[in-house]
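Novice: File follows, work25.pdb with PDB, N, CA and C atoms:
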```pdb
ATOM      1  N   MET Z   1      14.168  14.936  21.991
ATOM      2  CA  MET Z   1      13.317  13.963  21.335
ATOM      3  C   MET Z   1      13.539  14.068  19.828
ATOM      4  N   ASP Z   2      13.736  12.927  19.184
ATOM      5  CA  ASP Z   2      13.954  12.888  17.736
ATOM      6  C   ASP Z   2      12.618  12.794  17.014
ATOM      7  N   ASN Z   3      12.281  13.817  16.255
ATOM      8  CA  ASN Z   3      11.024  13.838  15.499
ATOM      9  C   ASN Z   3      11.282  13.617  14.020
ATOM     10  N   SER Z   4      12.300  12.862  13.679
ATOM     11  CA  SER Z   4      12.688  12.706  12.277
ATOM     12  C   SER Z   4      11.852  11.664  11.533
ATOM     13  N   PHE Z   5      10.985  10.937  12.231
ATOM     14  CA  PHE Z   5      10.159   9.944  11.561
ATOM     15  C   PHE Z   5       9.156  10.633  10.657
ATOM     16  N   SER Z   6       9.072  10.142   9.462
ATOM     17  CA  SER Z   6       8.017  10.605   8.558
ATOM     18  C   SER Z   6       7.587   9.412   7.719
ATOM     19  N   PRO Z   7       6.322   9.346   7.385
ATOM     20  CA  PRO Z   7       5.837   8.194   6.626
ATOM     21  C   PRO Z   7       6.376   8.200   5.197
ATOM     22  N   ASP Z   8       6.465   7.011   4.613
ATOM     23  CA  ASP Z   8       6.832   6.882   3.204
ATOM     24  C   ASP Z   8       5.569   7.099   2.390
ATOM     25  N   LEU Z   9       5.560   8.173   1.610
ATOM     26  CA  LEU Z   9       4.386   8.516   0.819
ATOM     27  C   LEU Z   9       4.656   8.296  -0.661
ATOM     28  N   ILE Z  10       3.588   7.967  -1.379
ATOM     29  CA  ILE Z  10       3.673   7.743  -2.813
ATOM     30  C   ILE Z  10       2.407   8.320  -3.449
ATOM     31  N   THR Z  11       2.562   8.895  -4.638
ATOM     32  CA  THR Z  11       1.429   9.410  -5.385
ATOM     33  C   THR Z  11       1.227   8.544  -6.612
ATOM     34  N   LEU Z  12       0.015   8.047  -6.781
ATOM     35  CA  LEU Z  12      -0.310   7.191  -7.921
ATOM     36  C   LEU Z  12      -1.378   7.858  -8.773
ATOM     37  N   LEU Z  13      -1.314   7.592 -10.069
ATOM     38  CA  LEU Z  13      -2.334   8.072 -10.994
ATOM     39  C   LEU Z  13      -3.301   6.939 -11.288
ATOM     40  N   ASP Z  14      -4.599   7.223 -11.224
ATOM     41  CA  ASP Z  14      -5.566   6.198 -11.594
ATOM     42  C   ASP Z  14      -5.789   6.219 -13.107
ATOM     43  N   GLU Z  15      -6.688   5.371 -13.576
ATOM     44  CA  GLU Z  15      -6.911   5.236 -15.018
ATOM     45  C   GLU Z  15      -7.473   6.505 -15.655
ATOM     46  N   ASN Z  16      -7.981   7.431 -14.814
ATOM     47  CA  ASN Z  16      -8.510   8.701 -15.313
ATOM     48  C   ASN Z  16      -7.510   9.841 -15.190
ATOM     49  N   GLY Z  17      -6.281   9.506 -14.765
ATOM     50  CA  GLY Z  17      -5.247  10.525 -14.626
ATOM     51  C   GLY Z  17      -5.355  11.340 -13.348
ATOM     52  N   ILE Z  18      -6.150  10.885 -12.383
ATOM     53  CA  ILE Z  18      -6.325  11.592 -11.113
ATOM     54  C   ILE Z  18      -5.297  11.070 -10.112
ATOM     55  N   GLU Z  19      -4.622  12.003  -9.429
ATOM     56  CA  GLU Z  19      -3.611  11.639  -8.445
ATOM     57  C   GLU Z  19      -4.258  11.242  -7.120
ATOM     58  N   HIS Z  20      -3.689  10.193  -6.497
ATOM     59  CA  HIS Z  20      -4.115   9.734  -5.176
ATOM     60  C   HIS Z  20      -2.857   9.515  -4.348
ATOM     61  N   ASN Z  21      -2.874  10.002  -3.116
ATOM     62  CA  ASN Z  21      -1.726   9.862  -2.221
ATOM     63  C   ASN Z  21      -1.927   8.687  -1.281
ATOM     64  N   PHE Z  22      -0.846   7.940  -1.071
ATOM     65  CA  PHE Z  22      -0.869   6.770  -0.202
ATOM     66  C   PHE Z  22       0.360   6.764   0.691
ATOM     67  N   GLU Z  23       0.194   6.163   1.863
ATOM     68  CA  GLU Z  23       1.324   5.862   2.728
ATOM     69  C   GLU Z  23       1.692   4.400   2.510
ATOM     70  N   ILE Z  24       2.971   4.138   2.339
ATOM     71  CA  ILE Z  24       3.440   2.756   2.203
ATOM     72  C   ILE Z  24       3.555   2.181   3.612
ATOM     73  N   LEU Z  25       2.677   1.240   3.922
ATOM     74  CA  LEU Z  25       2.675   0.621   5.245
ATOM     75  C   LEU Z  25       3.734  -0.456   5.363
ATOM     76  N   ASP Z  26       3.900  -1.218   4.293
ATOM     77  CA  ASP Z  26       4.843  -2.340   4.313
ATOM     78  C   ASP Z  26       5.084  -2.794   2.886
ATOM     79  N   GLU Z  27       6.135  -3.565   2.728
ATOM     80  CA  GLU Z  27       6.515  -4.097   1.417
ATOM     81  C   GLU Z  27       7.103  -5.489   1.628
ATOM     82  N   ILE Z  28       6.707  -6.414   0.782
ATOM     83  CA  ILE Z  28       7.306  -7.751   0.835
ATOM     84  C   ILE Z  28       7.712  -8.164  -0.577
ATOM     85  N   GLU Z  29       8.681  -9.054  -0.645
ATOM     86  CA  GLU Z  29       9.103  -9.587  -1.929
ATOM     87  C   GLU Z  29       8.912 -11.095  -1.889
ATOM     88  N   GLU Z  30       8.308 -11.597  -2.951
ATOM     89  CA  GLU Z  30       8.030 -13.023  -3.050
ATOM     90  C   GLU Z  30       8.152 -13.426  -4.503
ATOM     91  N   ASN Z  31       8.942 -14.447  -4.775
ATOM     92  CA  ASN Z  31       9.138 -14.947  -6.136
ATOM     93  C   ASN Z  31       9.521 -13.825  -7.105
ATOM     94  N   ASP Z  32      10.491 -12.999  -6.688
ATOM     95  CA  ASP Z  32      11.005 -11.893  -7.501
ATOM     96  C   ASP Z  32       9.964 -10.829  -7.834
ATOM     97  N   THR Z  33       8.886 -10.762  -7.077
ATOM     98  CA  THR Z  33       7.874  -9.722  -7.262
ATOM     99  C   THR Z  33       7.704  -8.988  -5.941
ATOM    100  N   ARG Z  34       7.626  -7.652  -6.018
ATOM    101  CA  ARG Z  34       7.418  -6.841  -4.816
ATOM    102  C   ARG Z  34       5.940  -6.480  -4.697
ATOM    103  N   TYR Z  35       5.456  -6.560  -3.468
ATOM    104  CA  TYR Z  35       4.073  -6.223  -3.160
ATOM    105  C   TYR Z  35       4.066  -5.143  -2.084
ATOM    106  N   PHE Z  36       3.138  -4.204  -2.206
ATOM    107  CA  PHE Z  36       3.058  -3.084  -1.290
ATOM    108  C   PHE Z  36       1.693  -3.034  -0.615
ATOM    109  N   ALA Z  37       1.691  -2.761   0.680
ATOM    110  CA  ALA Z  37       0.459  -2.486   1.416
ATOM    111  C   ALA Z  37       0.384  -0.966   1.546
ATOM    112  N   LEU Z  38      -0.674  -0.381   0.996
ATOM    113  CA  LEU Z  38      -0.813   1.076   0.944
ATOM    114  C   LEU Z  38      -2.096   1.520   1.642
ATOM    115  N   MET Z  39      -2.005   2.650   2.357
ATOM    116  CA  MET Z  39      -3.158   3.246   3.013
ATOM    117  C   MET Z  39      -3.363   4.633   2.415
ATOM    118  N   PRO Z  40      -4.601   4.963   2.030
ATOM    119  CA  PRO Z  40      -4.847   6.298   1.478
ATOM    120  C   PRO Z  40      -4.482   7.405   2.472
ATOM    121  N   VAL Z  41      -3.985   8.505   1.944
ATOM    122  CA  VAL Z  41      -3.696   9.697   2.735
ATOM    123  C   VAL Z  41      -4.705  10.754   2.315
ATOM    124  N   TYR Z  42      -5.337  11.376   3.295
ATOM    125  CA  TYR Z  42      -6.396  12.335   3.003
ATOM    126  C   TYR Z  42      -5.985  13.749   3.386
ATOM    127  N   GLU Z  43      -6.597  14.704   2.708
ATOM    128  CA  GLU Z  43      -6.321  16.120   2.950
ATOM    129  C   GLU Z  43      -6.993  16.618   4.229
ATOM    130  N   THR Z  44      -8.169  16.079   4.544
ATOM    131  CA  THR Z  44      -8.909  16.575   5.698
ATOM    132  C   THR Z  44      -9.251  15.435   6.650
ATOM    133  N   GLY Z  45      -9.490  15.803   7.892
ATOM    134  CA  GLY Z  45      -9.909  14.813   8.880
ATOM    135  C   GLY Z  45     -11.262  14.210   8.547
ATOM    136  N   ALA Z  46     -12.142  15.009   7.959
ATOM    137  CA  ALA Z  46     -13.468  14.504   7.592
ATOM    138  C   ALA Z  46     -13.358  13.406   6.541
ATOM    139  N   ASP Z  47     -12.469  13.591   5.580
ATOM    140  CA  ASP Z  47     -12.256  12.558   4.562
ATOM    141  C   ASP Z  47     -11.729  11.281   5.204
ATOM    142  N   MET Z  48     -10.820  11.437   6.154
ATOM    143  CA  MET Z  48     -10.245  10.274   6.829
ATOM    144  C   MET Z  48     -11.316   9.527   7.613
ATOM    145  N   LEU Z  49     -12.184  10.259   8.288
ATOM    146  CA  LEU Z  49     -13.230   9.622   9.092
ATOM    147  C   LEU Z  49     -14.246   8.870   8.243
ATOM    148  N   SER Z  50     -14.462   9.328   7.008
ATOM    149  CA  SER Z  50     -15.441   8.670   6.146
ATOM    150  C   SER Z  50     -14.848   7.461   5.415
ATOM    151  N   ASP Z  51     -13.542   7.253   5.537
ATOM    152  CA  ASP Z  51     -12.891   6.121   4.871
ATOM    153  C   ASP Z  51     -13.150   4.833   5.637
ATOM    154  N   SER Z  52     -13.088   3.709   4.912
ATOM    155  CA  SER Z  52     -13.328   2.397   5.527
ATOM    156  C   SER Z  52     -12.171   1.933   6.408
ATOM    157  N   GLY Z  53     -10.987   2.529   6.235
ATOM    158  CA  GLY Z  53      -9.826   2.134   7.021
ATOM    159  C   GLY Z  53      -9.110   0.924   6.466
ATOM    160  N   GLU Z  54      -9.491   0.482   5.276
ATOM    161  CA  GLU Z  54      -8.855  -0.673   4.657
ATOM    162  C   GLU Z  54      -7.636  -0.244   3.858
ATOM    163  N   TYR Z  55      -6.650  -1.100   3.833
ATOM    164  CA  TYR Z  55      -5.468  -0.827   3.025
ATOM    165  C   TYR Z  55      -5.580  -1.573   1.700
ATOM    166  N   THR Z  56      -4.754  -1.186   0.754
ATOM    167  CA  THR Z  56      -4.740  -1.773  -0.580
ATOM    168  C   THR Z  56      -3.421  -2.491  -0.794
ATOM    169  N   ILE Z  57      -3.474  -3.643  -1.451
ATOM    170  CA  ILE Z  57      -2.248  -4.366  -1.795
ATOM    171  C   ILE Z  57      -2.069  -4.274  -3.309
ATOM    172  N   LEU Z  58      -0.907  -3.777  -3.722
ATOM    173  CA  LEU Z  58      -0.587  -3.661  -5.144
ATOM    174  C   LEU Z  58       0.734  -4.356  -5.421
ATOM    175  N   GLU Z  59       0.909  -4.790  -6.658
ATOM    176  CA  GLU Z  59       2.168  -5.426  -7.030
ATOM    177  C   GLU Z  59       2.935  -4.527  -7.986
ATOM    178  N   ALA Z  60       4.262  -4.577  -7.866
ATOM    179  CA  ALA Z  60       5.126  -3.809  -8.754
ATOM    180  C   ALA Z  60       5.313  -4.604 -10.038
ATOM    181  N   ILE Z  61       5.043  -3.960 -11.162
ATOM    182  CA  ILE Z  61       5.253  -4.576 -12.466
ATOM    183  C   ILE Z  61       6.100  -3.624 -13.301
ATOM    184  N   GLU Z  62       6.747  -4.169 -14.298
ATOM    185  CA  GLU Z  62       7.517  -3.329 -15.202
ATOM    186  C   GLU Z  62       6.766  -3.225 -16.516
ATOM    187  N   GLU Z  63       6.553  -1.991 -16.932
ATOM    188  CA  GLU Z  63       5.851  -1.741 -18.187
ATOM    189  C   GLU Z  63       6.606  -0.648 -18.938
ATOM    190  N   ASN Z  64       7.033  -0.976 -20.142
ATOM    191  CA  ASN Z  64       7.811  -0.041 -20.960
ATOM    192  C   ASN Z  64       9.060   0.447 -20.232
ATOM    193  N   GLY Z  65       9.711  -0.466 -19.486
ATOM    194  CA  GLY Z  65      10.934  -0.130 -18.770
ATOM    195  C   GLY Z  65      10.724   0.690 -17.518
ATOM    196  N   GLU Z  66       9.482   0.891 -17.099
ATOM    197  CA  GLU Z  66       9.156   1.691 -15.928
ATOM    198  C   GLU Z  66       8.425   0.845 -14.902
ATOM    199  N   GLU Z  67       8.781   1.026 -13.633
ATOM    200  CA  GLU Z  67       8.061   0.311 -12.584
ATOM    201  C   GLU Z  67       6.724   0.992 -12.327
ATOM    202  N   GLN Z  68       5.676   0.182 -12.277
ATOM    203  CA  GLN Z  68       4.342   0.678 -11.980
ATOM    204  C   GLN Z  68       3.714  -0.237 -10.950
ATOM    205  N   LEU Z  69       2.704   0.268 -10.270
ATOM    206  CA  LEU Z  69       1.968  -0.553  -9.319
ATOM    207  C   LEU Z  69       0.624  -0.897  -9.927
ATOM    208  N   ALA Z  70       0.243  -2.170  -9.779
ATOM    209  CA  ALA Z  70      -0.989  -2.652 -10.403
ATOM    210  C   ALA Z  70      -1.789  -3.470  -9.397
ATOM    211  N   GLU Z  71      -3.091  -3.516  -9.640
ATOM    212  CA  GLU Z  71      -3.964  -4.346  -8.814
ATOM    213  C   GLU Z  71      -3.610  -5.813  -9.022
ATOM    214  N   ILE Z  72      -3.848  -6.603  -7.996
ATOM    215  CA  ILE Z  72      -3.620  -8.041  -8.065
ATOM    216  C   ILE Z  72      -4.945  -8.688  -8.445
ATOM    217  N   GLU Z  73      -4.968  -9.342  -9.577
ATOM    218  CA  GLU Z  73      -6.213  -9.926 -10.070
ATOM    219  C   GLU Z  73      -6.492 -11.311  -9.503
ATOM    220  N   ASP Z  74      -5.467 -12.010  -9.072
ATOM    221  CA  ASP Z  74      -5.615 -13.358  -8.524
ATOM    222  C   ASP Z  74      -6.116 -13.254  -7.083
ATOM    223  N   ASN Z  75      -7.367 -13.655  -6.842
ATOM    224  CA  ASN Z  75      -7.978 -13.545  -5.514
ATOM    225  C   ASN Z  75      -7.250 -14.370  -4.462
ATOM    226  N   GLU Z  76      -6.789 -15.560  -4.826
ATOM    227  CA  GLU Z  76      -6.076 -16.403  -3.870
ATOM    228  C   GLU Z  76      -4.754 -15.765  -3.455
ATOM    229  N   LEU Z  77      -4.043 -15.199  -4.418
ATOM    230  CA  LEU Z  77      -2.788 -14.520  -4.116
ATOM    231  C   LEU Z  77      -3.051 -13.317  -3.220
ATOM    232  N   ARG Z  78      -4.067 -12.529  -3.540
ATOM    233  CA  ARG Z  78      -4.387 -11.342  -2.742
ATOM    234  C   ARG Z  78      -4.734 -11.742  -1.306
ATOM    235  N   LEU Z  79      -5.499 -12.811  -1.129
ATOM    236  CA  LEU Z  79      -5.860 -13.276   0.205
ATOM    237  C   LEU Z  79      -4.626 -13.757   0.978
ATOM    238  N   ARG Z  80      -3.771 -14.510   0.304
ATOM    239  CA  ARG Z  80      -2.547 -15.006   0.945
ATOM    240  C   ARG Z  80      -1.651 -13.849   1.369
ATOM    241  N   LEU Z  81      -1.500 -12.849   0.486
ATOM    242  CA  LEU Z  81      -0.673 -11.686   0.811
ATOM    243  C   LEU Z  81      -1.275 -10.886   1.956
ATOM    244  N   SER Z  82      -2.595 -10.757   1.981
ATOM    245  CA  SER Z  82      -3.224  -9.998   3.069
ATOM    246  C   SER Z  82      -2.961 -10.673   4.411
ATOM    247  N   LYS Z  83      -2.950 -11.990   4.441
ATOM    248  CA  LYS Z  83      -2.643 -12.708   5.684
ATOM    249  C   LYS Z  83      -1.202 -12.451   6.117
ATOM    250  N   ILE Z  84      -0.288 -12.435   5.153
ATOM    251  CA  ILE Z  84       1.118 -12.152   5.469
ATOM    252  C   ILE Z  84       1.261 -10.742   6.017
ATOM    253  N   PHE Z  85       0.644  -9.762   5.339
ATOM    254  CA  PHE Z  85       0.726  -8.384   5.812
ATOM    255  C   PHE Z  85       0.091  -8.243   7.196
ATOM    256  N   GLU Z  86      -1.047  -8.880   7.423
ATOM    257  CA  GLU Z  86      -1.715  -8.785   8.728
ATOM    258  C   GLU Z  86      -0.822  -9.325   9.843
ATOM    259  N   GLU Z  87      -0.147 -10.449   9.603
ATOM    260  CA  GLU Z  87       0.771 -11.008  10.591
ATOM    261  C   GLU Z  87       1.907 -10.032  10.877
ATOM    262  N   ARG Z  88       2.433  -9.420   9.824
ATOM    263  CA  ARG Z  88       3.524  -8.459   9.993
ATOM    264  C   ARG Z  88       3.048  -7.227  10.748
ATOM    265  N   PHE Z  89       1.833  -6.749  10.446
ATOM    266  CA  PHE Z  89       1.289  -5.589  11.173
ATOM    267  C   PHE Z  89       1.120  -5.934  12.651
ATOM    268  N   ASN Z  90       0.616  -7.118  12.932
ATOM    269  CA  ASN Z  90       0.443  -7.531  14.325
ATOM    270  C   ASN Z  90       1.775  -7.569  15.049
ATOM    271  N   ASP Z  91       2.814  -8.090  14.389
ATOM    272  CA  ASP Z  91       4.139  -8.140  14.989
ATOM    273  C   ASP Z  91       4.687  -6.740  15.263
ATOM    274  N   ILE Z  92       4.463  -5.826  14.350
ATOM    275  CA  ILE Z  92       4.996  -4.470  14.482
ATOM    276  C   ILE Z  92       4.216  -3.667  15.514
ATOM    277  N   PHE Z  93       2.899  -3.692  15.443
ATOM    278  CA  PHE Z  93       2.085  -2.776  16.224
ATOM    279  C   PHE Z  93       1.582  -3.335  17.554
ATOM    280  N   TYR Z  94       1.518  -4.657  17.693
ATOM    281  CA  TYR Z  94       0.892  -5.210  18.885
ATOM    282  C   TYR Z  94       1.812  -6.044  19.761
ATOM    283  N   ASP Z  95       3.036  -6.263  19.355
ATOM    284  CA  ASP Z  95       3.948  -7.045  20.197
ATOM    285  C   ASP Z  95       4.933  -6.154  20.904
TER     286      ASP Z  95
END
```
Would you kindly transcribe this structure into structure tokens?
Specialist:
Amino acid sequence: MDNSFSPDLITLLDENGIEHNFEILDEIEENDTRYFALMPVYETGADMLSDSGEYTILEAIEENGEEQLAEIEDNELRLRLSKIFEERFNDIFYD
């Protein structure tokens, strides 16, 4: 049995300089912009159980020549992207 699968993990710093770990669930590119669906990764099972189970959608932006991930401020865009990600998740996990 091949156990080589491992999730794609990323560590992000918040505005207070605190590190948060996420699993990259999916990535899409639209109009030359990349968007990521991320799920928090927790240290303990208790932390995981207390989480809402919602994923976060962030967009890749370039700032000072460095790629960073930022919140999407446009509510319509965020809603449209969430529908795209949900369809992709359904195709991957339920078909």
Novice: Which residue, Z:Thr11, Z:Ser82, Z:Asn64, Z:Asn75, has the smallest gap to Z:Glu27 when you use only C-alpha atoms?
Specialist: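 With only C-alpha atoms as the atom set, the closest residue is Z:Ser82.
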Novice: Apply the PyMOL selection byres ((chain Z and resi 35) around 6.5) to the structure shown and report the selected residues as a list in words.
Specialist: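 Listing what the PyMOL selection byres ((chain Z and resi 35) around 6.5) selects in the shown file: Asp26, Glu27, Ile28, Glu29, Glu30, Thr33, Arg34, Phe36, Ala37, Ile57, Leu58, Glu59 and Ala60 of chain Z.
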Novice: At what distance in Å, to one decimal, does atom CA of Z:Asn21 lie from atom CA of Z:Asp8?
Specialist: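 Atom-to-atom, atom CA of Z:Asp8 to atom CA of Z:Asn21, that is 10.6 Å.
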Novice: Apply DSSP to the backbone of this structure and, from chain Z, keep only the residues in alpha helix (DSSP H); write these as a list in words.
Specialist: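 So, restricting chain Z to alpha helix (DSSP H), we get Gly45, Ala46, Asp47, Met48, Leu49, Ser50, Asn75, Glu76, Leu77, Arg78, Leu79, Arg80, Leu81, Ser82, Lys83, Ile84, Phe85, Glu86, Glu87, Arg88, Phe89, Asn90, Asp91, Ile92, Phe93 and Tyr94 of chain Z.
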Novice: Which residue is closest to Z:His20? Choose from Z:Met39, Z:Ile61, Z:Ile84, Z:Leu79 and count only C-alpha atoms.
Specialist: Z:Met39
Novice: Taking all atoms of stretch 36-39 of chain Z that appear in the file, build a box with edges along x, y and z, extend it by 3 Å on every side, and state its centre and edge lengths in Å to one decimal, as AutoDock Vina command-line options.
Specialist:
```
--center_x -0.1 --center_y 0.2 --center_z 0.4 --size_x 12.5 --size_y 14.8 --size_z 11.2
```
Novice: Rounded to one decimal in Å, what is the spacing between atom CA of Z:Ile72 and atom CA of Z:Phe93?
Specialist: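 Value for the atom CA of Z:Ile72-atom CA of Z:Phe93 distance: 25.5 Å.
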Novice: Could you pull out the residues in stretch 9-74 of chain Z that DSSP calls strand (DSSP E) from the backbone, as an MDAnalysis selection string?
Specialist: chainID Z and resid 9:13 19:30 33:40 56:63 66:71
Novice: So what do you get for atom CA of Z:Asn90 versus atom CA of Z:Pro40, distance-wise?
Specialist: 19.6 Å
Novice: Have a look at Z:Phe22, Z:Glu87, Z:Thr56, Z:Gly17 and name the one nearest to Z:Val41; count all atoms listed in the file.
Specialist: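 Closest to Z:Val41 of all the choices is Z:Phe22.
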Novice: So which residues touch Z:Asp14 within 12 Å, counting only C-alpha atoms, skipping near sequence neighbours fewer than 4 positions away, as a ChimeraX atom specification?
Specialist: /Z:18-21,68-71
Novice: Go ahead and dump the residues you just picked, N, CA and C atoms, as a compact mmCIF listing (two decimals), in the frame of the given file.
Specialist:
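Saved to out.txt:
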```txt
# COMPACT_ATOMS: atom_id res chain seq x y z
N ILE Z 18 -6.15 10.88 -12.38
CA ILE Z 18 -6.32 11.59 -11.11
C ILE Z 18 -5.30 11.07 -10.11
N GLU Z 19 -4.62 12.00 -9.43
CA GLU Z 19 -3.61 11.64 -8.44
C GLU Z 19 -4.26 11.24 -7.12
N HIS Z 20 -3.69 10.19 -6.50
CA HIS Z 20 -4.12 9.73 -5.18
C HIS Z 20 -2.86 9.52 -4.35
N ASN Z 21 -2.87 10.00 -3.12
CA ASN Z 21 -1.73 9.86 -2.22
C ASN Z 21 -1.93 8.69 -1.28
N GLN Z 68 5.68 0.18 -12.28
CA GLN Z 68 4.34 0.68 -11.98
C GLN Z 68 3.71 -0.24 -10.95
N LEU Z 69 2.70 0.27 -10.27
CA LEU Z 69 1.97 -0.55 -9.32
C LEU Z 69 0.62 -0.90 -9.93
N ALA Z 70 0.24 -2.17 -9.78
CA ALA Z 70 -0.99 -2.65 -10.40
C ALA Z 70 -1.79 -3.47 -9.40
N GLU Z 71 -3.09 -3.52 -9.64
CA GLU Z 71 -3.96 -4.35 -8.81
C GLU Z 71 -3.61 -5.81 -9.02
```
Novice: Given the file shown, determine the residues that the PyMOL selection byres ((chain Z and resi 7) around 6.5) selects; report them as a list in words.
Specialist: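 Applying the PyMOL selection byres ((chain Z and resi 7) around 6.5) to the structure shown produces Phe5, Ser6, Asp8, Leu9, Glu23 and Ile24 of chain Z.
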